[in-house]
$ cat model-v2.cif   # mmCIF, C-alpha atoms
data_work
#
loop_
_atom_site.label_atom_id
_atom_site.label_comp_id
_atom_site.auth_asym_id
_atom_site.auth_seq_id
_atom_site.Cartn_x
_atom_site.Cartn_y
_atom_site.Cartn_z
CA MET H 1 3.47 7.87 6.48
CA PHE H 2 0.76 8.55 9.07
CA PHE H 3 0.10 11.67 11.12
CA ARG H 4 -1.08 11.56 14.72
CA LYS H 5 -3.80 14.14 15.25
CA LYS H 6 -5.06 13.19 18.69
CA LYS H 7 -4.83 10.56 21.37
CA VAL H 8 -7.24 7.65 21.30
CA THR H 9 -6.30 6.16 24.65
CA GLY H 10 -8.85 3.58 25.76
CA VAL H 11 -10.25 3.04 22.27
CA ASN H 12 -9.84 -0.64 21.41
CA ASP H 13 -8.87 -2.07 18.04
CA LEU H 14 -12.40 -2.96 16.97
CA GLU H 15 -13.63 0.53 17.81
CA LEU H 16 -10.82 2.02 15.73
CA VAL H 17 -11.86 -0.16 12.79
CA GLU H 18 -15.47 0.94 13.21
CA LEU H 19 -14.44 4.61 13.36
CA TYR H 20 -12.40 4.18 10.19
CA GLN H 21 -15.25 2.43 8.37
CA LYS H 22 -17.61 5.29 9.27
CA SER H 23 -15.26 8.17 8.49
CA HIS H 24 -12.57 6.71 6.16
CA ASP H 25 -10.20 8.89 8.17
CA LYS H 26 -6.74 7.38 7.68
CA TYR H 27 -5.75 8.57 11.13
CA TYR H 28 -7.46 5.55 12.68
CA VAL H 29 -5.49 3.11 10.54
CA GLY H 30 -2.45 5.16 11.51
CA GLU H 31 -3.22 4.46 15.15
CA LEU H 32 -3.39 0.74 14.42
CA TYR H 33 -0.05 1.13 12.64
CA GLN H 34 1.43 2.68 15.79
CA ARG H 35 0.15 -0.23 17.87
CA TYR H 36 1.19 -3.12 15.64
CA SER H 37 3.93 -2.02 13.23
CA HIS H 38 6.65 -3.57 15.44
CA LEU H 39 4.76 -6.87 15.56
CA VAL H 40 4.33 -6.90 11.77
CA PHE H 41 7.95 -5.85 11.23
CA GLY H 42 9.17 -8.81 13.29
CA LEU H 43 6.96 -11.18 11.34
CA CYS H 44 8.11 -9.79 7.98
CA LEU H 45 11.73 -9.90 9.04
CA GLY H 46 11.34 -13.61 9.73
CA TYR H 47 10.20 -14.15 6.14
CA PHE H 48 12.60 -11.85 4.29
CA ASN H 49 15.64 -11.88 6.61
CA ASP H 50 16.40 -8.32 5.48
CA ARG H 51 15.48 -5.26 7.53
CA GLU H 52 14.95 -2.89 4.59
CA THR H 53 12.73 -5.37 2.74
CA ALA H 54 10.79 -6.02 5.95
CA ARG H 55 10.23 -2.28 6.47
CA ASP H 56 8.96 -1.92 2.92
CA ALA H 57 6.61 -4.86 3.44
CA VAL H 58 5.18 -3.27 6.61
CA LEU H 59 4.42 -0.02 4.76
CA GLN H 60 2.90 -1.88 1.82
CA LEU H 61 0.74 -3.95 4.15
CA PHE H 62 -0.68 -1.00 6.06
CA GLU H 63 -1.32 0.86 2.79
CA LYS H 64 -3.44 -2.11 1.74
CA LEU H 65 -5.38 -1.92 5.00
CA PHE H 66 -6.94 1.35 3.88
CA GLU H 67 -9.03 -0.65 1.40
CA GLN H 68 -9.25 -3.96 3.24
CA LEU H 69 -10.67 -2.44 6.42
CA LYS H 70 -13.46 -0.84 4.44
CA LYS H 71 -14.70 -4.38 3.71
CA HIS H 72 -13.53 -6.42 6.71
CA LYS H 73 -14.46 -6.05 10.37
CA PRO H 74 -12.31 -8.60 12.25
CA ASP H 75 -13.40 -9.65 15.73
CA ASN H 76 -9.74 -9.86 16.80
CA PHE H 77 -7.71 -7.34 14.84
CA LYS H 78 -4.31 -8.59 16.05
CA ILE H 79 -4.95 -12.18 14.96
CA TRP H 80 -6.48 -11.03 11.66
CA LEU H 81 -3.55 -8.69 10.99
CA THR H 82 -1.07 -11.48 11.64
CA PHE H 83 -2.90 -13.67 9.13
CA VAL H 84 -2.98 -10.88 6.52
CA ALA H 85 0.71 -10.09 7.11
CA ARG H 86 1.75 -13.73 6.62
CA ASN H 87 -0.23 -13.93 3.38
CA HIS H 88 1.33 -10.66 2.19
CA CYS H 89 4.85 -11.94 2.85
CA ILE H 90 4.20 -15.28 1.15
CA SER H 91 2.68 -13.48 -1.84
CA GLU H 92 5.68 -11.15 -2.18
CA ILE H 93 8.12 -14.07 -1.97
CA ARG H 94 6.18 -15.91 -4.70
CA LYS H 95 6.28 -12.79 -6.89
CA GLN H 96 10.05 -12.53 -6.42
CA LYS H 97 10.50 -16.18 -7.36
CA THR H 98 8.24 -15.77 -10.40
CA ARG H 99 10.11 -12.66 -11.51
CA SER H 100 13.43 -14.41 -11.07
CA GLY H 101 12.18 -17.45 -12.95
CA ARG H 102 10.89 -15.37 -15.82
CA GLN H 103 14.21 -13.55 -16.16
CA ASP H 104 15.97 -16.92 -16.17
CA GLU H 105 13.89 -17.83 -19.22
CA TYR H 106 16.19 -15.50 -21.15
CA LEU H 107 18.85 -18.10 -20.54
CA LYS H 108 16.87 -21.33 -20.96
CA ASP H 109 14.64 -21.01 -24.03
CA GLU H 110 16.62 -22.81 -26.70
CA GLN H 111 13.82 -22.73 -29.25
CA ALA H 112 14.44 -19.05 -29.86
CA VAL H 113 18.06 -19.52 -30.94
CA SER H 114 20.18 -21.61 -33.27
CA GLU H 115 22.30 -24.57 -32.10
CA GLU H 116 25.39 -22.39 -31.78
CA GLU H 117 23.50 -19.78 -29.80
CA ALA H 118 21.92 -22.49 -27.64
CA ASP H 119 25.38 -23.43 -26.37
CA ALA H 120 25.84 -19.89 -25.12
CA TRP H 121 22.50 -19.96 -23.35
CA GLU H 122 23.43 -23.20 -21.63
CA ASN H 123 26.53 -21.50 -20.22
CA PRO H 124 25.29 -17.93 -19.78
CA VAL H 125 28.28 -16.51 -17.89
CA GLU H 126 28.37 -13.36 -20.03
CA LEU H 127 24.72 -12.60 -19.43
CA ARG H 128 24.89 -13.14 -15.69
CA GLU H 129 27.96 -10.93 -15.41
CA ALA H 130 26.29 -8.21 -17.46
CA GLY H 131 24.04 -7.32 -14.56
CA LEU H 132 20.48 -6.04 -14.49
CA GLN H 133 21.45 -2.46 -15.35
CA LYS H 134 23.15 -3.52 -18.56
CA LEU H 135 20.18 -5.75 -19.37
CA GLU H 136 17.73 -2.89 -18.94
CA THR H 137 19.89 -0.67 -21.15
CA ALA H 138 19.96 -3.37 -23.83
CA VAL H 139 16.16 -3.76 -23.68
CA GLN H 140 15.79 -0.06 -24.50
CA GLN H 141 17.79 -0.60 -27.70
CA LEU H 142 15.36 -3.18 -29.08
CA GLY H 143 12.78 -2.36 -31.73
CA GLU H 144 9.48 -1.07 -30.34
CA GLU H 145 7.55 -4.33 -30.77
CA GLN H 146 10.27 -6.50 -29.24
CA ARG H 147 10.85 -4.08 -26.37
CA MET H 148 7.15 -3.92 -25.60
CA CYS H 149 6.72 -7.70 -25.53
CA ILE H 150 9.93 -8.31 -23.54
CA ASP H 151 8.91 -5.71 -20.97
CA LEU H 152 5.35 -7.02 -20.60
CA PHE H 153 6.32 -10.70 -20.40
CA TYR H 154 9.47 -10.67 -18.28
CA PHE H 155 9.18 -7.53 -16.20
CA LYS H 156 5.42 -6.94 -15.97
CA GLU H 157 4.72 -10.71 -15.77
CA LYS H 158 1.92 -10.71 -18.36
CA SER H 159 0.80 -13.89 -20.13
CA TYR H 160 0.83 -14.32 -23.92
CA LYS H 161 -2.93 -13.70 -24.00
CA GLU H 162 -2.66 -10.55 -21.88
CA ILE H 163 0.09 -9.21 -24.16
CA CYS H 164 -2.10 -9.90 -27.21
CA ASP H 165 -4.99 -8.03 -25.57
CA LEU H 166 -2.79 -5.09 -24.56
CA THR H 167 -0.88 -4.69 -27.82
CA GLY H 168 -3.22 -6.01 -30.50
CA PHE H 169 -0.50 -8.42 -31.70
CA SER H 170 -1.42 -11.98 -32.62
CA ASP H 171 -0.20 -14.88 -30.50
CA LYS H 172 2.24 -15.81 -33.26
CA GLN H 173 3.59 -12.24 -33.40
CA VAL H 174 4.07 -12.10 -29.61
CA LYS H 175 6.03 -15.36 -29.63
CA SER H 176 8.15 -14.12 -32.52
CA TYR H 177 8.89 -10.76 -30.91
CA LEU H 178 9.85 -12.47 -27.65
CA GLN H 179 12.14 -14.99 -29.38
CA ASN H 180 13.86 -12.42 -31.57
CA GLY H 181 14.05 -9.95 -28.69
CA LYS H 182 15.86 -12.50 -26.55
CA ARG H 183 18.20 -13.31 -29.43
CA ASN H 184 19.02 -9.64 -29.93
CA LEU H 185 19.56 -9.12 -26.20
CA LYS H 186 22.02 -11.99 -26.08
CA ILE H 187 23.88 -10.56 -29.07
CA MET H 188 24.10 -7.12 -27.46
CA LEU H 189 25.16 -8.44 -24.07
CA THR H 190 27.77 -10.85 -25.38
CA GLY H 191 29.24 -8.47 -27.96
CA ASN H 192 28.35 -10.65 -30.97
CA HIS H 193 26.64 -8.18 -33.32
CA GLU H 194 25.91 -10.56 -36.20
CA HIS H 195 22.22 -10.77 -37.14
CA GLN H 196 21.31 -8.10 -34.60
CA HIS H 197 17.78 -6.60 -34.55
CA THR H 198 16.08 -9.51 -36.33
CA HIS H 199 12.32 -8.79 -36.52
#
$ encode --input "model-v2.cif" --output "structure tokens"
Amino acid sequence: MFFRKKKVTGVNDLELVELYQKSHDKYYVGELYQRYSHLVFGLCLGYFNDRETARDAVLQLFEKLFEQLKKHKPDNFKIWLTFVARNHCISEIRKQKTRSGRQDEYLKDEQAVSEEEADAWENPVELREAGLQKLETAVQQLGEEQRMCIDLFYFKEKSYKEICDLTGFSDKQVKSYLQNGKRNLKIMLTGNHEHQHTH
């Protein structure tokens, strides 16, 4: 990720930040990475309890520092970095929970289906066993409008208003495409092909 060009022995953290702010040379952030990546990794590992996820979080965090250190000049870089790292981890965990919750809405929104279909959503064994790969494949088989709205709402985490702004659809159209898209996905994933591709 970072390349070491020269030694900066004796240069303290604040001086490295100042050098980076003057030159925007990523090498100086790379030096801070060398000094504190193990500290940040340990902190991230405590949040995620998974080494690979923690490593990814460390890389993401230091990538963000390229921009953050152009605006911030912390008096104590180590303390500031620890604060930023904790916030990053908490933010990522919240995103994961939000993403998981939005995907669960496939299984909980009874308004989009009939009474018979609602029973299947209440006991969504077939959908859970289908797996994410099968779900993604099914999404690609939807009509363009449904696929676009499903992707933006559940996978890109956009609000109804944001989807309207991005697509030009009305609020009523977005709700309809989402409801019918979920119905069609359930039909495809459970093997019941009646009424498939309702628009």
$ resolve_selection --input "model-v2.cif" --expression "the PyMOL selection byres ((chain H and resi 45) around 12)" --output "PDB file with C-alpha atoms, in the coordinates of the input"
ATOM      1  CA  SER H  37       3.930  -2.020  13.230  1.00  0.00           C
ATOM      2  CA  HIS H  38       6.650  -3.570  15.440  1.00  0.00           C
ATOM      3  CA  LEU H  39       4.760  -6.870  15.560  1.00  0.00           C
ATOM      4  CA  VAL H  40       4.330  -6.900  11.770  1.00  0.00           C
ATOM      5  CA  PHE H  41       7.950  -5.850  11.230  1.00  0.00           C
ATOM      6  CA  GLY H  42       9.170  -8.810  13.290  1.00  0.00           C
ATOM      7  CA  LEU H  43       6.960 -11.180  11.340  1.00  0.00           C
ATOM      8  CA  CYS H  44       8.110  -9.790   7.980  1.00  0.00           C
ATOM      9  CA  GLY H  46      11.340 -13.610   9.730  1.00  0.00           C
ATOM     10  CA  TYR H  47      10.200 -14.150   6.140  1.00  0.00           C
ATOM     11  CA  PHE H  48      12.600 -11.850   4.290  1.00  0.00           C
ATOM     12  CA  ASN H  49      15.640 -11.880   6.610  1.00  0.00           C
ATOM     13  CA  ASP H  50      16.400  -8.320   5.480  1.00  0.00           C
ATOM     14  CA  ARG H  51      15.480  -5.260   7.530  1.00  0.00           C
ATOM     15  CA  GLU H  52      14.950  -2.890   4.590  1.00  0.00           C
ATOM     16  CA  THR H  53      12.730  -5.370   2.740  1.00  0.00           C
ATOM     17  CA  ALA H  54      10.790  -6.020   5.950  1.00  0.00           C
ATOM     18  CA  ARG H  55      10.230  -2.280   6.470  1.00  0.00           C
ATOM     19  CA  ASP H  56       8.960  -1.920   2.920  1.00  0.00           C
ATOM     20  CA  ALA H  57       6.610  -4.860   3.440  1.00  0.00           C
ATOM     21  CA  VAL H  58       5.180  -3.270   6.610  1.00  0.00           C
ATOM     22  CA  ALA H  85       0.710 -10.090   7.110  1.00  0.00           C
ATOM     23  CA  ARG H  86       1.750 -13.730   6.620  1.00  0.00           C
ATOM     24  CA  CYS H  89       4.850 -11.940   2.850  1.00  0.00           C
TER      25      CYS H  89
END
$ residues_around --input "model-v2.cif" --residues "Gly181 of chain H" --least-positions-apart "3" --cutoff "7 Å" --atoms "all atoms listed in the file" --output "number ranges by chain"
H: 142, 146, 150, 177-178, 184-185
$ write_last_selection --input "model-v2.cif" --atoms "C-alpha atoms" --output "PDB file, in the frame of the given file"
ATOM      1  CA  LEU H 142      15.360  -3.180 -29.080  1.00  0.00           C
ATOM      2  CA  GLN H 146      10.270  -6.500 -29.240  1.00  0.00           C
ATOM      3  CA  ILE H 150       9.930  -8.310 -23.540  1.00  0.00           C
ATOM      4  CA  TYR H 177       8.890 -10.760 -30.910  1.00  0.00           C
ATOM      5  CA  LEU H 178       9.850 -12.470 -27.650  1.00  0.00           C
ATOM      6  CA  ASN H 184      19.020  -9.640 -29.930  1.00  0.00           C
ATOM      7  CA  LEU H 185      19.560  -9.120 -26.200  1.00  0.00           C
TER       8      LEU H 185
END
$ closest_residue --input "model-v2.cif" --among "H:Gln96, H:Gly30, H:Glu15, H:Leu135" --to "Asn76 of chain H" --atoms "all atoms listed in the file"
H:Glu15
$ closest_residue --input "model-v2.cif" --among "H:Phe83, H:Tyr33, H:Tyr20, H:Phe155" --to "Lys70 of chain H" --atoms "all atoms listed in the file"
H:Tyr20
$ atom_distance --input "model-v2.cif" --atom1 "atom CA of Tyr36 of chain H" --atom2 "atom CA of Lys22 of chain H"
21.6 Å
$ residues_around --input "model-v2.cif" --residues "Lys73 of chain H" --least-positions-apart "2" --cutoff "10 Å" --atoms "only C-alpha atoms" --output "ChimeraX atom specification"
/H:14-15,17-18,21,68-71,75-77,80
$ atom_distance --input "model-v2.cif" --atom1 "atom CA of Ile90 of chain H" --atom2 "atom CA of Leu65 of chain H"
16.9 Å
$ atom_distance --input "model-v2.cif" --atom1 "atom CA of Ile93 of chain H" --atom2 "atom CA of Leu189 of chain H"
28.5 Å
